[in-house]
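Asks: Pasting a structure here, questions to come.
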Amino acid sequence: MDSAYKHSPAWNVSWLFVLLAGFSLFFSDIEIISLEPWQELKRLFMGLLAPDWSNLSEIGEAFLQTLAFAILGVAGGSVIGFLLAQIFHWRWIQVSCAFIRAIHELFWALIFLQIFGLHPLTGLLAIGLPYAATFAKVYAEILEEGDKSALQAVSLDASRVSTFFYARLPDLWQHFKTYTSYRLECGLRSSAILGFVGLPTLGYTLSSAFMEGHYSVVWALLLLFYLLIATIRYWVRPALLPIYIIAAPFIVANDSTISFDNVQRFFTEDIIPAPIMRGESLSESWHWLSDLLINQALPGIANTVVLTQVALVASGILTLLFFPLISTHFFKPAGRTIGHVLLVILRTTPEYILAYILLQLWGPSMLPAIVALALHNGAIIGHLIGRYSIEIQLRVDASRGLNRYFYELLPRLYGQFLAFLFYRWEIIMRESAILGILGIATLGFYIDSSIQELHFDKAMILIFITALLNVLVDSLSRYLRAKLRLRTNVDCRATNDYCTARE
Amino acid sequence: MKFKIFLSVLLSTLILFSNMALSASPKTLVFSAIPDQDETRLKQRFGDIAKYLEKQLGVPVKYVPVKSYAAVVTAFRNNQIQLAWFGGLSGVQARLKVPGSQAIAQGVEDPKFHTYIIANHSTGLKASDEFPKGVAGKTFTFGSKGSTSGRLMPQYYIEKNMGDKVDNVFKRVGFSGNHSKTIALVQSGAYEVGAVNFKVWEKEVEEGKVDTSKVSLIWKTPAYPDYQWTIRGDVDKEFGEGFSNKVKAALIGLKDPDLLGRFPRSGFIEAKNSDFDPILETAKSIGIID
């Protein structure tokens, strides 16, 4: 007998993802390898009690570098992104931007390290390029979905440029500003983690200190980083920006030089597949390629997908646990403050650093990566959903506690929750790939190995595959959002939230 | 308006910035070293070597810290450093990439270098002359992916003795990053077995940094050539005729035990490119070099 009751598509999709994650979990490698992980965790928190500021000049230098690279990278990216947004309706621009975005900053840094070495251009491009592609897309969306009523008052013979500056920009300026300053915060995180591959930013000092177990130094760096991000709205002011932008080049400048020969060599020798360079036959080339695909790309893809799916569902579960912490429907101001502090710390710490910390403590299985991704993303979406929940007006006699959570709020927030989670899907996948550099066998592991063995041809093919995988997940996520009719339009206030979730 | 100001400021700074990069003085000898030990101390380790070389050579000498083995090779190749303290493998890679570059000096210990296989006490593995086949099925960590003593040679000897790929021999294979970290990880039990540069092991044991009741040496590889100083072939053109010989003499003339302890070596002797041919052959047989 057919039941008259039908589950909603959102319900079905949710369970499909949960089942997929459960299935993936079966193939994932999630053990704690260290014999005394809690001992190490205890040592880590003892470091928090006595942060070591003694090496202030080195710490200060790392922060200046982090700031300077972030400011220049984001500024350059936003200008180029803004220009690209004007021609974003061209299909090939959209496709190239999607592709550039799909490659993580750290991979870009590894590529540019080969071309420009220790020159600051490596860091600037590693941030600037993917950021320009993201800016182009989001700016174009803002342009498209923003208020167009002023256009009707413009005379027909007004030039395009003046139409833009007088009829469009004033209405949209706030959106651009909000989003750009949010991206500066992301840029600081990106700039910090570039240190892990050798740029002189926070990650450099942090990873060295961590490797040697100098936890007091680790905490000094992390606390300062939280402070920097938490006070961002006080020190990022339109009037101060030109000063920063003028000062930053002097900070990042070093005396290494770049030569055009290196650039040329990279494109004409380094990344050309070895069998082609050696002029080998087609069958030998195929052997080379299939060896790469079977022994590196396939296991890398499988692990990346497994990690992504588990982390995505874990992020969702944590979101549902986190959002009541900052919601007026559940906690009094004192309780909410604690919730806010927790969520701010979790979302300020880049997932790469969180994963790095947990890996040092538990050893290199997938577990630290899952926990890091879930905590970071759960905190971001939890924060957004928490804020949405505040706007929901409940009846005075509405139920309380668990009943309120399950019968009043969750049904009203679930669509928004899924929309945000699907936005983060592609980001989680990009991070899953990159965490391989830390030793988990996702695509990043094989890419890093190829680069360490100076096989840039292999690395480029693997990076290309990683990007394709990302583009695929991105379109799948767009398809699901459309199918489930999850809200994707950006009204005025939502722009910021939308962008936060979208990155 | 604001936007235009912003744009013009940005453009002018970019121009300024690129000028600064171009006008940098090229007459400083820049060197680096593979980050094989405690990375927080790289500057302390090599900063004084720069001072020593500067005094001997009469040109400004600068040390730049680099985060990975591959990055040192890249910097050498891009002429951002002209001199480097390489491992056997990174040196071979660098000289292949930069024709004309020369190995000029090596540590007294380097022609007969060893890798120690070390194990956590919980494995019950004991020191032996025979390859300890009991390592099969344990968790295992190399050092850095690009290391000779921490990766290339141990992988070669393990695969030779066990007749299988390391991935199949061990339950789990990791890369600790450097030799001091390998010792720490095997000592803490995060990995049961590891491969470490014998000089770093002996130095850390001597300094009392190793708890030998928890981690001990179980096997030693046959001897192979390892670290060396390599210099670019075009330095004579850039810094004057005979410059690479001057650098060579300065390195071989380095007698200060404190400075030598930074490497750690008892002294430096002459080296030539062909000394490292065995490394090249091994790297080819494992597939690290095509």
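In the structure tokens, each chain is lettered A, B, ... as it comes, each chain's residues begin at 1, and ligands are numbered from 1 in order of appearance.
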Please build the interface table for chain A against chain B with a cut-off of 7 Å, listing for each qualifying residue the nearest atom pair and the distance in Å to one decimal; count only C-alpha atoms, order rows by chain and increasing number, and write it as a Markdown table.
Replies:
| residue | atom | partner | partner_atom | distance |
| --- | --- | --- | --- | --- |
| A:Ile33 | CA | B:Ala190 | CA | 5.7 |
| A:Ser34 | CA | B:Ala190 | CA | 3.9 |
| A:Leu35 | CA | B:Gly189 | CA | 5.5 |
| A:Gln114 | CA | B:Thr74 | CA | 6.1 |
| A:Gly117 | CA | B:Ala75 | CA | 5.6 |
| A:Leu118 | CA | B:Ala75 | CA | 7.0 |
| A:Val197 | CA | B:Lys67 | CA | 6.4 |
| A:Gly198 | CA | B:Lys67 | CA | 4.7 |
| A:Ser208 | CA | B:Glu39 | CA | 5.3 |
| A:Ala209 | CA | B:Thr40 | CA | 6.2 |
| A:Met211 | CA | B:Lys181 | CA | 6.9 |
| A:Glu212 | CA | B:Asp38 | CA | 6.6 |
| A:Pro242 | CA | B:Phe6 | CA | 6.6 |
| A:Ile245 | CA | B:Leu10 | CA | 6.8 |
| A:Ile246 | CA | B:Thr13 | CA | 6.0 |
| A:Pro249 | CA | B:Phe17 | CA | 5.8 |
| A:Asp255 | CA | B:Ala24 | CA | 5.3 |
| A:Ser256 | CA | B:Gln80 | CA | 5.7 |
| A:Thr257 | CA | B:Ala21 | CA | 6.2 |
| A:Asn262 | CA | B:Asn78 | CA | 6.3 |
| A:Gly363 | CA | B:Ala190 | CA | 6.3 |
| A:Gly439 | CA | B:Gly174 | CA | 6.8 |
| A:Ser449 | CA | B:Lys145 | CA | 6.7 |
| A:Gln452 | CA | B:Ala70 | CA | 5.0 |
| A:Glu453 | CA | B:Ile288 | CA | 6.0 |
| A:Leu454 | CA | B:Ala70 | CA | 6.7 |
Asks: List as a ChimeraX atom specification the protein and nucleic acid residues near region 478-487 of chain A, meaning an atom at most 9 Å away when only C-alpha atoms are counted, but skip any in the same chain fewer than 4 places from it.
Replies: /A:9-10,13,415-416,418-419,422-423,473-474
Asks: To one decimal place in Å, what is the distance between CA of Gly339 (chain A) and CA of Ser327 (chain A)?
Replies: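 Taking CA of Gly339 (chain A) as the start and CA of Ser327 (chain A) as the end point, the length is 9.0 Å.
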Asks: Please provide the set of residues having any atom within 7 Å of region 255-269 of chain B, restricted to only C-alpha atoms, with same-chain residues fewer than 2 positions apart removed, written as JSON, numbers by chain.
Replies: {"B": [45, 49, 105, 106, 107, 108, 109, 199, 251, 252, 253, 271]}
Asks: Output N, CA, C and O atoms of each residue in that selection to a file, as a JSON list (two decimals), in the first residue's frame.
Replies:
[["chain", "number", "residue", "atom", "x", "y", "z"],
["B", 45, "ARG", "N", 72.12, 28.12, 13.27],
["B", 45, "ARG", "CA", 73.11, 27.17, 12.76],
["B", 45, "ARG", "C", 73.97, 27.79, 11.67],
["B", 45, "ARG", "O", 75.19, 27.68, 11.68],
["B", 49, "ILE", "N", 78.03, 30.79, 9.84],
["B", 49, "ILE", "CA", 78.80, 30.29, 8.69],
["B", 49, "ILE", "C", 78.92, 31.41, 7.66],
["B", 49, "ILE", "O", 79.97, 31.61, 7.05],
["B", 105, "ALA", "N", 83.09, 20.51, -1.84],
["B", 105, "ALA", "CA", 83.61, 20.03, -0.55],
["B", 105, "ALA", "C", 82.56, 19.14, 0.10],
["B", 105, "ALA", "O", 81.37, 19.30, -0.12],
["B", 106, "GLN", "N", 83.05, 18.19, 0.89],
["B", 106, "GLN", "CA", 82.12, 17.34, 1.65],
["B", 106, "GLN", "C", 82.68, 17.15, 3.05],
["B", 106, "GLN", "O", 83.84, 17.45, 3.31],
["B", 107, "GLY", "N", 81.82, 16.68, 3.95],
["B", 107, "GLY", "CA", 82.28, 16.43, 5.30],
["B", 107, "GLY", "C", 83.23, 15.25, 5.31],
["B", 107, "GLY", "O", 83.17, 14.39, 4.43],
["B", 108, "VAL", "N", 84.13, 15.23, 6.31],
["B", 108, "VAL", "CA", 85.06, 14.11, 6.44],
["B", 108, "VAL", "C", 84.29, 12.79, 6.50],
["B", 108, "VAL", "O", 84.71, 11.77, 5.95],
["B", 109, "GLU", "N", 83.11, 12.82, 7.13],
["B", 109, "GLU", "CA", 82.31, 11.61, 7.31],
["B", 109, "GLU", "C", 81.48, 11.26, 6.08],
["B", 109, "GLU", "O", 80.93, 10.17, 5.99],
["B", 199, "LYS", "N", 74.61, 10.82, 11.73],
["B", 199, "LYS", "CA", 75.29, 11.91, 12.42],
["B", 199, "LYS", "C", 74.32, 12.65, 13.35],
["B", 199, "LYS", "O", 74.68, 13.05, 14.44],
["B", 251, "LEU", "N", 86.07, 26.65, 2.70],
["B", 251, "LEU", "CA", 85.31, 25.59, 3.37],
["B", 251, "LEU", "C", 86.24, 24.52, 3.92],
["B", 251, "LEU", "O", 86.09, 24.07, 5.06],
["B", 252, "ILE", "N", 87.22, 24.13, 3.13],
["B", 252, "ILE", "CA", 88.15, 23.09, 3.59],
["B", 252, "ILE", "C", 89.01, 23.63, 4.73],
["B", 252, "ILE", "O", 89.39, 22.89, 5.63],
["B", 253, "GLY", "N", 89.23, 24.95, 4.71],
["B", 253, "GLY", "CA", 90.02, 25.57, 5.76],
["B", 253, "GLY", "C", 89.24, 25.83, 7.05],
["B", 253, "GLY", "O", 89.79, 26.36, 8.01],
["B", 271, "ALA", "N", 85.69, 17.43, -2.75],
["B", 271, "ALA", "CA", 84.68, 16.55, -3.34],
["B", 271, "ALA", "C", 84.61, 16.83, -4.83],
["B", 271, "ALA", "O", 85.01, 17.91, -5.28]]
Asks: If DSSP is run on the backbone, what residues of region 11-250 of chain B are helix (DSSP H, G or I)? A reply as a ChimeraX atom specification would be ideal.
Replies: /B:11-22,39-57,69-77,88-97,110-112,121-123,133-135,148-162,166-169,179-188,198-206,235-239,243-250
Asks: What are the DSSP strand (DSSP E) residues of region 50-256 of chain B, as a PyMOL selection string?
Replies: chain B and resi 61-63+83-86+102-107+115-120+139-142+172-175+193-197+215-220+228-231
Asks: Determine, counting only C-alpha atoms, which protein, DNA and RNA residues have an atom within 12 Å of an atom of region 237-249 of chain B; residues of the same chain fewer than 6 positions away are not included. Present the result as a PyMOL selection string.
Replies: chain B and resi 25-31+50+52-61+79+82-84+100-106+228-231+255+268-272
Asks: Could you list, as a list in words, every residue within 10 Å of Leu56 (chain A), counting only C-alpha atoms and ignoring same-chain residues fewer than 6 positions away?
Replies: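 Everything that qualifies: Ala62, Val217, Ala220 and Leu221 of chain A.
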Asks: Just the residues within 9 Å of region 384-386 of chain A, please, counting only C-alpha atoms, with nothing from its chain fewer than 4 positions along; format it as a list of chain:residue names.
Replies: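 Residues meeting the cut-off are A:Thr319, A:Leu320, A:Phe322, A:Phe323, A:Pro324, A:Leu325, A:Ile326, A:Ser327, A:Thr328, A:Ala379, A:Ile380, A:Ile390, A:Leu413, A:Gln416, A:Phe417, A:Phe420, A:Asp497, A:Tyr498, A:Thr500, A:Ala501.
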Asks: Would you list the contacts of Asp457 (chain A) as a list in words, taking every protein, DNA or RNA residue within 6 Å and counting only C-alpha atoms, but skipping same-chain residues closer than 2 positions in sequence?
Replies: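 Counting only C-alpha atoms, the residues come to Ile271, Ile272, Pro273, His455, Ala459 and Met460 of chain A.
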Asks: Keeping only C-alpha atoms, write the selected residues to a file as a CSV table (one decimal), in the first residue's frame.
Replies:
chain,number,residue,atom,x,y,z
A,271,ILE,CA,55.9,20.9,-16.9
A,272,ILE,CA,56.2,19.1,-20.2
A,273,PRO,CA,55.6,15.4,-19.4
A,455,HIS,CA,58.7,16.0,-11.1
A,459,ALA,CA,52.6,17.6,-10.2
A,460,MET,CA,50.8,19.7,-12.8
